[in-house]
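Raw target30.pdb, PDB, N, CA and C atoms:
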```
ATOM      1  N   TYR A  56     -32.076 -61.186   4.223
ATOM      2  CA  TYR A  56     -31.554 -60.346   5.275
ATOM      3  C   TYR A  56     -31.254 -61.173   6.520
ATOM      4  N   LYS A  57     -30.299 -60.699   7.289
ATOM      5  CA  LYS A  57     -29.899 -61.317   8.544
ATOM      6  C   LYS A  57     -30.029 -60.258   9.630
ATOM      7  N   GLN A  58     -30.299 -60.681  10.866
ATOM      8  CA  GLN A  58     -30.394 -59.732  11.971
ATOM      9  C   GLN A  58     -29.082 -59.741  12.754
ATOM     10  N   ALA A  59     -28.482 -58.568  12.892
ATOM     11  CA  ALA A  59     -27.216 -58.420  13.614
ATOM     12  C   ALA A  59     -27.480 -58.209  15.098
ATOM     13  N   GLN A  60     -26.470 -58.452  15.908
ATOM     14  CA  GLN A  60     -26.527 -58.146  17.330
ATOM     15  C   GLN A  60     -26.073 -56.708  17.586
ATOM     16  N   ASP A  61     -25.088 -56.250  16.784
ATOM     17  CA  ASP A  61     -24.569 -54.895  16.910
ATOM     18  C   ASP A  61     -23.736 -54.578  15.670
ATOM     19  N   GLU A  62     -23.124 -53.394  15.673
ATOM     20  CA  GLU A  62     -22.380 -52.957  14.479
ATOM     21  C   GLU A  62     -21.095 -53.739  14.242
ATOM     22  N   GLN A  63     -20.650 -54.535  15.188
ATOM     23  CA  GLN A  63     -19.425 -55.312  15.013
ATOM     24  C   GLN A  63     -19.516 -56.235  13.796
ATOM     25  N   GLU A  64     -20.687 -56.771  13.520
ATOM     26  CA  GLU A  64     -20.863 -57.633  12.347
ATOM     27  C   GLU A  64     -20.607 -56.854  11.055
ATOM     28  N   LEU A  65     -20.981 -55.581  11.037
ATOM     29  CA  LEU A  65     -20.714 -54.746   9.864
ATOM     30  C   LEU A  65     -19.219 -54.493   9.724
ATOM     31  N   ARG A  66     -18.564 -54.221  10.835
ATOM     32  CA  ARG A  66     -17.112 -53.983  10.819
ATOM     33  C   ARG A  66     -16.368 -55.224  10.313
ATOM     34  N   GLU A  67     -16.798 -56.396  10.751
ATOM     35  CA  GLU A  67     -16.160 -57.643  10.323
ATOM     36  C   GLU A  67     -16.365 -57.873   8.827
ATOM     37  N   ALA A  68     -17.551 -57.602   8.332
ATOM     38  CA  ALA A  68     -17.811 -57.746   6.894
ATOM     39  C   ALA A  68     -16.933 -56.787   6.093
ATOM     40  N   LEU A  69     -16.849 -55.540   6.529
ATOM     41  CA  LEU A  69     -16.001 -54.560   5.841
ATOM     42  C   LEU A  69     -14.540 -55.003   5.854
ATOM     43  N   ALA A  70     -14.079 -55.574   6.963
ATOM     44  CA  ALA A  70     -12.695 -56.049   7.058
ATOM     45  C   ALA A  70     -12.432 -57.184   6.070
ATOM     46  N   ARG A  71     -13.478 -57.943   5.735
ATOM     47  CA  ARG A  71     -13.347 -59.026   4.746
ATOM     48  C   ARG A  71     -13.553 -58.524   3.317
ATOM     49  N   GLY A  72     -13.798 -57.232   3.168
ATOM     50  CA  GLY A  72     -14.001 -56.661   1.836
ATOM     51  C   GLY A  72     -15.410 -56.816   1.310
ATOM     52  N   ILE A  73     -16.370 -57.060   2.190
ATOM     53  CA  ILE A  73     -17.767 -57.236   1.784
ATOM     54  C   ILE A  73     -18.588 -56.087   2.358
ATOM     55  N   PRO A  74     -19.019 -55.140   1.525
ATOM     56  CA  PRO A  74     -19.819 -54.024   2.042
ATOM     57  C   PRO A  74     -21.245 -54.485   2.361
ATOM     58  N   PRO A  75     -21.679 -54.343   3.621
ATOM     59  CA  PRO A  75     -23.021 -54.782   3.995
ATOM     60  C   PRO A  75     -24.107 -53.847   3.467
ATOM     61  N   ILE A  76     -25.232 -54.445   3.136
ATOM     62  CA  ILE A  76     -26.423 -53.694   2.740
ATOM     63  C   ILE A  76     -27.326 -53.655   3.962
ATOM     64  N   CYS A  77     -27.592 -52.468   4.468
ATOM     65  CA  CYS A  77     -28.358 -52.318   5.706
ATOM     66  C   CYS A  77     -29.713 -51.684   5.439
ATOM     67  N   LEU A  78     -30.713 -52.190   6.133
ATOM     68  CA  LEU A  78     -32.036 -51.594   6.082
ATOM     69  C   LEU A  78     -32.127 -50.555   7.201
ATOM     70  N   VAL A  79     -32.472 -49.324   6.842
ATOM     71  CA  VAL A  79     -32.545 -48.232   7.809
ATOM     72  C   VAL A  79     -33.887 -47.516   7.703
ATOM     73  N   GLU A  80     -34.217 -46.785   8.746
ATOM     74  CA  GLU A  80     -35.402 -45.925   8.769
ATOM     75  C   GLU A  80     -34.956 -44.520   8.396
ATOM     76  N   THR A  81     -35.458 -43.994   7.298
ATOM     77  CA  THR A  81     -34.956 -42.725   6.764
ATOM     78  C   THR A  81     -35.268 -41.510   7.619
ATOM     79  N   GLU A  82     -36.332 -41.536   8.403
ATOM     80  CA  GLU A  82     -36.677 -40.338   9.188
ATOM     81  C   GLU A  82     -35.585 -39.989  10.197
ATOM     82  N   ASN A  83     -34.715 -40.931  10.517
ATOM     83  CA  ASN A  83     -33.641 -40.692  11.472
ATOM     84  C   ASN A  83     -32.351 -40.198  10.816
ATOM     85  N   ILE A  84     -32.356 -40.086   9.506
ATOM     86  CA  ILE A  84     -31.145 -39.690   8.778
ATOM     87  C   ILE A  84     -31.323 -38.263   8.281
ATOM     88  N   GLY A  85     -30.413 -37.388   8.666
ATOM     89  CA  GLY A  85     -30.542 -35.959   8.421
ATOM     90  C   GLY A  85     -30.753 -35.530   6.987
ATOM     91  N   TYR A  86     -30.142 -36.199   6.020
ATOM     92  CA  TYR A  86     -30.267 -35.743   4.640
ATOM     93  C   TYR A  86     -31.552 -36.220   3.972
ATOM     94  N   TRP A  87     -32.355 -37.016   4.662
ATOM     95  CA  TRP A  87     -33.615 -37.524   4.118
ATOM     96  C   TRP A  87     -34.791 -36.669   4.554
ATOM     97  N   GLN A  88     -35.785 -36.555   3.701
ATOM     98  CA  GLN A  88     -37.074 -35.953   4.022
ATOM     99  C   GLN A  88     -38.094 -37.084   4.012
ATOM    100  N   GLY A  89     -38.822 -37.250   5.087
ATOM    101  CA  GLY A  89     -39.843 -38.288   5.124
ATOM    102  C   GLY A  89     -39.362 -39.552   5.823
ATOM    103  N   SER A  90     -40.275 -40.514   5.891
ATOM    104  CA  SER A  90     -40.015 -41.738   6.622
ATOM    105  C   SER A  90     -40.312 -42.956   5.765
ATOM    106  N   ALA A  91     -39.331 -43.856   5.688
ATOM    107  CA  ALA A  91     -39.514 -45.094   4.934
ATOM    108  C   ALA A  91     -38.409 -46.066   5.304
ATOM    109  N   GLY A  92     -38.666 -47.328   5.134
ATOM    110  CA  GLY A  92     -37.602 -48.314   5.211
ATOM    111  C   GLY A  92     -36.794 -48.219   3.934
ATOM    112  N   HIS A  93     -35.493 -48.240   4.032
ATOM    113  CA  HIS A  93     -34.646 -47.981   2.862
ATOM    114  C   HIS A  93     -33.326 -48.722   3.031
ATOM    115  N   ALA A  94     -32.778 -49.224   1.952
ATOM    116  CA  ALA A  94     -31.504 -49.941   1.988
ATOM    117  C   ALA A  94     -30.358 -49.032   1.559
ATOM    118  N   VAL A  95     -29.246 -49.106   2.301
ATOM    119  CA  VAL A  95     -28.019 -48.396   1.965
ATOM    120  C   VAL A  95     -26.862 -49.383   2.036
ATOM    121  N   VAL A  96     -25.802 -49.107   1.291
ATOM    122  CA  VAL A  96     -24.613 -49.952   1.301
ATOM    123  C   VAL A  96     -23.544 -49.259   2.139
ATOM    124  N   VAL A  97     -23.113 -49.924   3.203
ATOM    125  CA  VAL A  97     -22.077 -49.366   4.076
ATOM    126  C   VAL A  97     -20.721 -49.631   3.428
ATOM    127  N   VAL A  98     -19.968 -48.567   3.146
ATOM    128  CA  VAL A  98     -18.663 -48.720   2.505
ATOM    129  C   VAL A  98     -17.495 -48.430   3.440
ATOM    130  N   ASP A  99     -17.787 -47.772   4.582
ATOM    131  CA  ASP A  99     -16.739 -47.501   5.557
ATOM    132  C   ASP A  99     -17.411 -47.108   6.861
ATOM    133  N   MET A 100     -16.723 -47.376   7.959
ATOM    134  CA  MET A 100     -17.206 -46.895   9.244
ATOM    135  C   MET A 100     -16.047 -46.787  10.203
ATOM    136  N   ASN A 101     -16.161 -45.817  11.109
ATOM    137  CA  ASN A 101     -15.154 -45.650  12.149
ATOM    138  C   ASN A 101     -15.885 -45.370  13.460
ATOM    139  N   SER A 102     -15.182 -44.900  14.450
ATOM    140  CA  SER A 102     -15.794 -44.709  15.765
ATOM    141  C   SER A 102     -16.789 -43.556  15.813
ATOM    142  N   SER A 103     -16.832 -42.721  14.778
ATOM    143  CA  SER A 103     -17.741 -41.579  14.819
ATOM    144  C   SER A 103     -18.704 -41.472  13.643
ATOM    145  N   ALA A 104     -18.465 -42.214  12.549
ATOM    146  CA  ALA A 104     -19.311 -42.040  11.362
ATOM    147  C   ALA A 104     -19.376 -43.312  10.524
ATOM    148  N   VAL A 105     -20.428 -43.359   9.711
ATOM    149  CA  VAL A 105     -20.627 -44.437   8.745
ATOM    150  C   VAL A 105     -20.753 -43.784   7.374
ATOM    151  N   VAL A 106     -20.033 -44.305   6.404
ATOM    152  CA  VAL A 106     -20.109 -43.799   5.035
ATOM    153  C   VAL A 106     -20.914 -44.801   4.215
ATOM    154  N   VAL A 107     -21.937 -44.301   3.516
ATOM    155  CA  VAL A 107     -22.820 -45.182   2.756
ATOM    156  C   VAL A 107     -22.949 -44.728   1.307
ATOM    157  N   ASN A 108     -23.214 -45.702   0.465
ATOM    158  CA  ASN A 108     -23.724 -45.437  -0.871
ATOM    159  C   ASN A 108     -25.233 -45.583  -0.754
ATOM    160  N   ASP A 109     -25.939 -44.510  -1.037
ATOM    161  CA  ASP A 109     -27.392 -44.496  -0.951
ATOM    162  C   ASP A 109     -27.925 -44.370  -2.368
ATOM    163  N   PRO A 110     -28.677 -45.366  -2.857
ATOM    164  CA  PRO A 110     -29.141 -45.310  -4.246
ATOM    165  C   PRO A 110     -30.029 -44.102  -4.556
ATOM    166  N   ALA A 111     -30.632 -43.506  -3.535
ATOM    167  CA  ALA A 111     -31.449 -42.311  -3.758
ATOM    168  C   ALA A 111     -30.595 -41.059  -3.928
ATOM    169  N   TYR A 112     -29.320 -41.149  -3.562
ATOM    170  CA  TYR A 112     -28.382 -40.031  -3.681
ATOM    171  C   TYR A 112     -27.125 -40.548  -4.368
ATOM    172  N   ALA A 113     -27.278 -40.990  -5.580
ATOM    173  CA  ALA A 113     -26.214 -41.694  -6.294
ATOM    174  C   ALA A 113     -25.028 -40.814  -6.675
ATOM    175  N   ASP A 114     -25.165 -39.495  -6.634
ATOM    176  CA  ASP A 114     -24.083 -38.614  -7.059
ATOM    177  C   ASP A 114     -22.893 -38.610  -6.115
ATOM    178  N   GLU A 115     -23.125 -38.885  -4.833
ATOM    179  CA  GLU A 115     -22.014 -38.881  -3.884
ATOM    180  C   GLU A 115     -22.345 -39.749  -2.682
ATOM    181  N   ARG A 116     -21.307 -40.229  -2.041
ATOM    182  CA  ARG A 116     -21.472 -40.995  -0.816
ATOM    183  C   ARG A 116     -21.950 -40.075   0.294
ATOM    184  N   GLN A 117     -22.688 -40.647   1.214
ATOM    185  CA  GLN A 117     -23.219 -39.886   2.343
ATOM    186  C   GLN A 117     -22.503 -40.315   3.622
ATOM    187  N   THR A 118     -22.156 -39.366   4.457
ATOM    188  CA  THR A 118     -21.552 -39.651   5.750
ATOM    189  C   THR A 118     -22.590 -39.373   6.829
ATOM    190  N   ILE A 119     -22.813 -40.374   7.669
ATOM    191  CA  ILE A 119     -23.835 -40.303   8.714
ATOM    192  C   ILE A 119     -23.134 -40.473  10.062
ATOM    193  N   PRO A 120     -23.397 -39.613  11.034
ATOM    194  CA  PRO A 120     -22.824 -39.839  12.367
ATOM    195  C   PRO A 120     -23.186 -41.251  12.853
ATOM    196  N   LEU A 121     -22.243 -41.921  13.513
ATOM    197  CA  LEU A 121     -22.450 -43.308  13.926
ATOM    198  C   LEU A 121     -23.707 -43.467  14.772
ATOM    199  N   ASP A 122     -23.929 -42.600  15.743
ATOM    200  CA  ASP A 122     -25.109 -42.755  16.600
ATOM    201  C   ASP A 122     -26.407 -42.583  15.819
ATOM    202  N   THR A 123     -26.414 -41.700  14.823
ATOM    203  CA  THR A 123     -27.589 -41.511  13.965
ATOM    204  C   THR A 123     -27.839 -42.752  13.123
ATOM    205  N   PHE A 124     -26.763 -43.294  12.533
ATOM    206  CA  PHE A 124     -26.901 -44.519  11.742
ATOM    207  C   PHE A 124     -27.450 -45.663  12.594
ATOM    208  N   LEU A 125     -26.903 -45.823  13.799
ATOM    209  CA  LEU A 125     -27.344 -46.917  14.665
ATOM    210  C   LEU A 125     -28.815 -46.766  15.043
ATOM    211  N   LEU A 126     -29.262 -45.544  15.276
ATOM    212  CA  LEU A 126     -30.673 -45.301  15.565
ATOM    213  C   LEU A 126     -31.549 -45.671  14.364
ATOM    214  N   ALA A 127     -31.138 -45.262  13.176
ATOM    215  CA  ALA A 127     -31.894 -45.579  11.962
ATOM    216  C   ALA A 127     -31.912 -47.079  11.695
ATOM    217  N   TRP A 128     -30.807 -47.745  12.002
ATOM    218  CA  TRP A 128     -30.682 -49.191  11.763
ATOM    219  C   TRP A 128     -31.491 -49.995  12.781
ATOM    220  N   VAL A 129     -31.455 -49.606  14.045
ATOM    221  CA  VAL A 129     -32.208 -50.340  15.070
ATOM    222  C   VAL A 129     -33.708 -50.251  14.803
ATOM    223  N   GLU A 130     -34.158 -49.152  14.210
ATOM    224  CA  GLU A 130     -35.574 -49.016  13.864
ATOM    225  C   GLU A 130     -36.014 -50.076  12.860
ATOM    226  N   ARG A 131     -35.075 -50.653  12.152
ATOM    227  CA  ARG A 131     -35.353 -51.732  11.193
ATOM    228  C   ARG A 131     -34.709 -53.039  11.667
ATOM    229  N   ASP A 132     -34.612 -53.173  12.986
ATOM    230  CA  ASP A 132     -34.207 -54.424  13.645
ATOM    231  C   ASP A 132     -32.815 -54.918  13.284
ATOM    232  N   TYR A 133     -31.888 -54.003  13.025
ATOM    233  CA  TYR A 133     -30.505 -54.370  12.693
ATOM    234  C   TYR A 133     -30.436 -55.356  11.513
ATOM    235  N   LEU A 134     -31.319 -55.193  10.546
ATOM    236  CA  LEU A 134     -31.311 -56.097   9.394
ATOM    237  C   LEU A 134     -30.244 -55.675   8.394
ATOM    238  N   TYR A 135     -29.550 -56.673   7.860
ATOM    239  CA  TYR A 135     -28.536 -56.416   6.838
ATOM    240  C   TYR A 135     -28.370 -57.647   5.969
ATOM    241  N   ALA A 136     -27.717 -57.469   4.827
ATOM    242  CA  ALA A 136     -27.439 -58.571   3.911
ATOM    243  C   ALA A 136     -25.996 -58.462   3.442
ATOM    244  N   LEU A 137     -25.411 -59.605   3.172
ATOM    245  CA  LEU A 137     -24.071 -59.663   2.580
ATOM    246  C   LEU A 137     -24.190 -60.442   1.281
ATOM    247  N   LEU A 138     -23.674 -59.877   0.218
ATOM    248  CA  LEU A 138     -23.658 -60.561  -1.072
ATOM    249  C   LEU A 138     -22.249 -61.023  -1.361
ATOM    250  N   THR A 139     -22.121 -62.305  -1.626
ATOM    251  CA  THR A 139     -20.824 -62.852  -1.982
ATOM    252  C   THR A 139     -20.957 -63.607  -3.280
ATOM    253  N   ILE A 140     -19.863 -63.715  -4.002
ATOM    254  CA  ILE A 140     -19.854 -64.429  -5.281
ATOM    255  C   ILE A 140     -19.110 -65.736  -5.065
ATOM    256  N   GLU A 141     -19.780 -66.809  -5.375
ATOM    257  CA  GLU A 141     -19.157 -68.137  -5.274
ATOM    258  C   GLU A 141     -18.301 -68.365  -6.524
ATOM    259  N   PRO A 142     -17.111 -68.941  -6.360
ATOM    260  CA  PRO A 142     -16.299 -69.227  -7.539
ATOM    261  C   PRO A 142     -16.977 -70.220  -8.465
ATOM    262  N   ALA A 143     -16.765 -70.055  -9.753
ATOM    263  CA  ALA A 143     -17.328 -70.985 -10.751
ATOM    264  C   ALA A 143     -16.673 -72.350 -10.608
ATOM    265  N   HIS A 144     -17.434 -73.364 -10.813
ATOM    266  CA  HIS A 144     -16.905 -74.732 -10.695
ATOM    267  C   HIS A 144     -16.465 -75.264 -12.025
TER     268      HIS A 144
END
```
Once more with this new file: its structure as structure tokens, please.
Amino acid sequence: YKQAQDEQELREALARGIPPICLVETENIGYWQGSAGHAVVVVDMNSSAVVVNDPAYADERQTIPLDTFLLAWVERDYLYALLTIEPAH
């Protein structure tokens, strides 16, 4: 995991076609019951919302208001990961 300064790093990763994996605090996310550190994959974001693939809700993508997502993410120190595939040599 890497620590971001703000959501701009997520936007830049998405622009490069790399969906970031973010660690969030679930108690701040409306569709969750309970509190835990949890990883979600950010697949889209705009000025008002973040769309995630949440492995606990695999049937459909979840849309989270941007301010709610940022609150949940800051609770886990803006941690995120980017997975890239290196070309075979």
Original post:
Which residue, A:Asn83, A:Ser90, A:Gln58, A:Gln63, has the smallest gap to Asp132 (chain A) when you use all atoms listed in the file?
Top reply: A:Gln58
Subject >> Output check: residues returned by the PyMOL selection byres ((chain A and resi 110-112) around 6.5), as a PyMOL selection string >> reply: chain A and resi 94-96+108-109+113-116
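If you measure from each of A:Asp61, A:Glu67, A:Asp99, A:Glu82 to Leu125 (chain A) using only C-alpha atoms, the closest one turns out to be A:Asp61.
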Select from region 65-106 of chain A everything DSSP, run on the backbone, classes as alpha helix (DSSP H), then give the selection as a PDB file with N, CA and C atoms, in the frame of the given file.
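File part-v8.pdb, as written:
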```pdb
ATOM      1  N   LEU A  65     -20.981 -55.581  11.037  1.00  0.00           N
ATOM      2  CA  LEU A  65     -20.714 -54.746   9.864  1.00  0.00           C
ATOM      3  C   LEU A  65     -19.219 -54.493   9.724  1.00  0.00           C
ATOM      4  N   ARG A  66     -18.564 -54.221  10.835  1.00  0.00           N
ATOM      5  CA  ARG A  66     -17.112 -53.983  10.819  1.00  0.00           C
ATOM      6  C   ARG A  66     -16.368 -55.224  10.313  1.00  0.00           C
ATOM      7  N   GLU A  67     -16.798 -56.396  10.751  1.00  0.00           N
ATOM      8  CA  GLU A  67     -16.160 -57.643  10.323  1.00  0.00           C
ATOM      9  C   GLU A  67     -16.365 -57.873   8.827  1.00  0.00           C
ATOM     10  N   ALA A  68     -17.551 -57.602   8.332  1.00  0.00           N
ATOM     11  CA  ALA A  68     -17.811 -57.746   6.894  1.00  0.00           C
ATOM     12  C   ALA A  68     -16.933 -56.787   6.093  1.00  0.00           C
ATOM     13  N   LEU A  69     -16.849 -55.540   6.529  1.00  0.00           N
ATOM     14  CA  LEU A  69     -16.001 -54.560   5.841  1.00  0.00           C
ATOM     15  C   LEU A  69     -14.540 -55.003   5.854  1.00  0.00           C
ATOM     16  N   ALA A  70     -14.079 -55.574   6.963  1.00  0.00           N
ATOM     17  CA  ALA A  70     -12.695 -56.049   7.058  1.00  0.00           C
ATOM     18  C   ALA A  70     -12.432 -57.184   6.070  1.00  0.00           C
TER      19      ALA A  70
END
```
Original post:
Residues picked by the PyMOL selection byres ((chain A and resi 134-140) around 8) here, as number ranges by chain?
Top reply: A: 56-60, 68, 73-79, 128-133, 141-143
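Take atom C of Arg71 (chain A) and CA of Ser102 (chain A): the distance between them is 18.7 Å.
Backbone DSSP of chain A yields strand (DSSP E or B) at Lys57, Gln58, Ile76, Cys77, Leu78, Val79, Glu80, Gly92, His93, Ala94, Val95, Val96, Val97, Val98, Asp99, Met100, Ala104, Val105, Val106, Val107, Asn108, Gln117, Thr118, Ile119, Pro120, Leu134, Tyr135 and Ala136 of chain A.
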Expected file contents, prior selection, N, CA and C atoms, as a tab-separated table (two decimals), in the coordinates of the input:
```tsv
chain	number	residue	atom	x	y	z
A	57	LYS	N	-30.30	-60.70	7.29
A	57	LYS	CA	-29.90	-61.32	8.54
A	57	LYS	C	-30.03	-60.26	9.63
A	58	GLN	N	-30.30	-60.68	10.87
A	58	GLN	CA	-30.39	-59.73	11.97
A	58	GLN	C	-29.08	-59.74	12.75
A	76	ILE	N	-25.23	-54.44	3.14
A	76	ILE	CA	-26.42	-53.69	2.74
A	76	ILE	C	-27.33	-53.66	3.96
A	77	CYS	N	-27.59	-52.47	4.47
A	77	CYS	CA	-28.36	-52.32	5.71
A	77	CYS	C	-29.71	-51.68	5.44
A	78	LEU	N	-30.71	-52.19	6.13
A	78	LEU	CA	-32.04	-51.59	6.08
A	78	LEU	C	-32.13	-50.56	7.20
A	79	VAL	N	-32.47	-49.32	6.84
A	79	VAL	CA	-32.54	-48.23	7.81
A	79	VAL	C	-33.89	-47.52	7.70
A	80	GLU	N	-34.22	-46.78	8.75
A	80	GLU	CA	-35.40	-45.92	8.77
A	80	GLU	C	-34.96	-44.52	8.40
A	92	GLY	N	-38.67	-47.33	5.13
A	92	GLY	CA	-37.60	-48.31	5.21
A	92	GLY	C	-36.79	-48.22	3.93
A	93	HIS	N	-35.49	-48.24	4.03
A	93	HIS	CA	-34.65	-47.98	2.86
A	93	HIS	C	-33.33	-48.72	3.03
A	94	ALA	N	-32.78	-49.22	1.95
A	94	ALA	CA	-31.50	-49.94	1.99
A	94	ALA	C	-30.36	-49.03	1.56
A	95	VAL	N	-29.25	-49.11	2.30
A	95	VAL	CA	-28.02	-48.40	1.96
A	95	VAL	C	-26.86	-49.38	2.04
A	96	VAL	N	-25.80	-49.11	1.29
A	96	VAL	CA	-24.61	-49.95	1.30
A	96	VAL	C	-23.54	-49.26	2.14
A	97	VAL	N	-23.11	-49.92	3.20
A	97	VAL	CA	-22.08	-49.37	4.08
A	97	VAL	C	-20.72	-49.63	3.43
A	98	VAL	N	-19.97	-48.57	3.15
A	98	VAL	CA	-18.66	-48.72	2.50
A	98	VAL	C	-17.50	-48.43	3.44
A	99	ASP	N	-17.79	-47.77	4.58
A	99	ASP	CA	-16.74	-47.50	5.56
A	99	ASP	C	-17.41	-47.11	6.86
A	100	MET	N	-16.72	-47.38	7.96
A	100	MET	CA	-17.21	-46.90	9.24
A	100	MET	C	-16.05	-46.79	10.20
A	104	ALA	N	-18.46	-42.21	12.55
A	104	ALA	CA	-19.31	-42.04	11.36
A	104	ALA	C	-19.38	-43.31	10.52
A	105	VAL	N	-20.43	-43.36	9.71
A	105	VAL	CA	-20.63	-44.44	8.74
A	105	VAL	C	-20.75	-43.78	7.37
A	106	VAL	N	-20.03	-44.30	6.40
A	106	VAL	CA	-20.11	-43.80	5.04
A	106	VAL	C	-20.91	-44.80	4.22
A	107	VAL	N	-21.94	-44.30	3.52
A	107	VAL	CA	-22.82	-45.18	2.76
A	107	VAL	C	-22.95	-44.73	1.31
A	108	ASN	N	-23.21	-45.70	0.46
A	108	ASN	CA	-23.72	-45.44	-0.87
A	108	ASN	C	-25.23	-45.58	-0.75
A	117	GLN	N	-22.69	-40.65	1.21
A	117	GLN	CA	-23.22	-39.89	2.34
A	117	GLN	C	-22.50	-40.32	3.62
A	118	THR	N	-22.16	-39.37	4.46
A	118	THR	CA	-21.55	-39.65	5.75
A	118	THR	C	-22.59	-39.37	6.83
A	119	ILE	N	-22.81	-40.37	7.67
A	119	ILE	CA	-23.84	-40.30	8.71
A	119	ILE	C	-23.13	-40.47	10.06
A	120	PRO	N	-23.40	-39.61	11.03
A	120	PRO	CA	-22.82	-39.84	12.37
A	120	PRO	C	-23.19	-41.25	12.85
A	134	LEU	N	-31.32	-55.19	10.55
A	134	LEU	CA	-31.31	-56.10	9.39
A	134	LEU	C	-30.24	-55.68	8.39
A	135	TYR	N	-29.55	-56.67	7.86
A	135	TYR	CA	-28.54	-56.42	6.84
A	135	TYR	C	-28.37	-57.65	5.97
A	136	ALA	N	-27.72	-57.47	4.83
A	136	ALA	CA	-27.44	-58.57	3.91
A	136	ALA	C	-26.00	-58.46	3.44
```
Original post:
Can you list, as a PyMOL selection string, the residues that the PyMOL selection byres (((chain A and resi 118 and name CA) around 7) and name CA) selects here?
Top reply: chain A and resi 104-107+116-117+119-120
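Atom pair CA of Thr81 (chain A) / atom N of Ala127 (chain A): separated by 7.9 Å.
Relative to CA of Gly85 (chain A), CA of Ala70 (chain A) is found at 26.9 Å.
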Which centre and edge lengths in Å to one decimal define the box along x, y and z that fits every listed atom of region 107-110 of chain A plus 3 Å per side, as JSON?
```
{"center_x": -26.0, "center_y": -44.9, "center_z": -0.5, "size_x": 14.1, "size_y": 7.6, "size_z": 14.1}
```
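Shortest atom-to-atom contact with Val98 (chain A) among A:Leu121, A:Leu69, A:Glu62, A:Tyr86: A:Leu69, counting only N, CA and C atoms.
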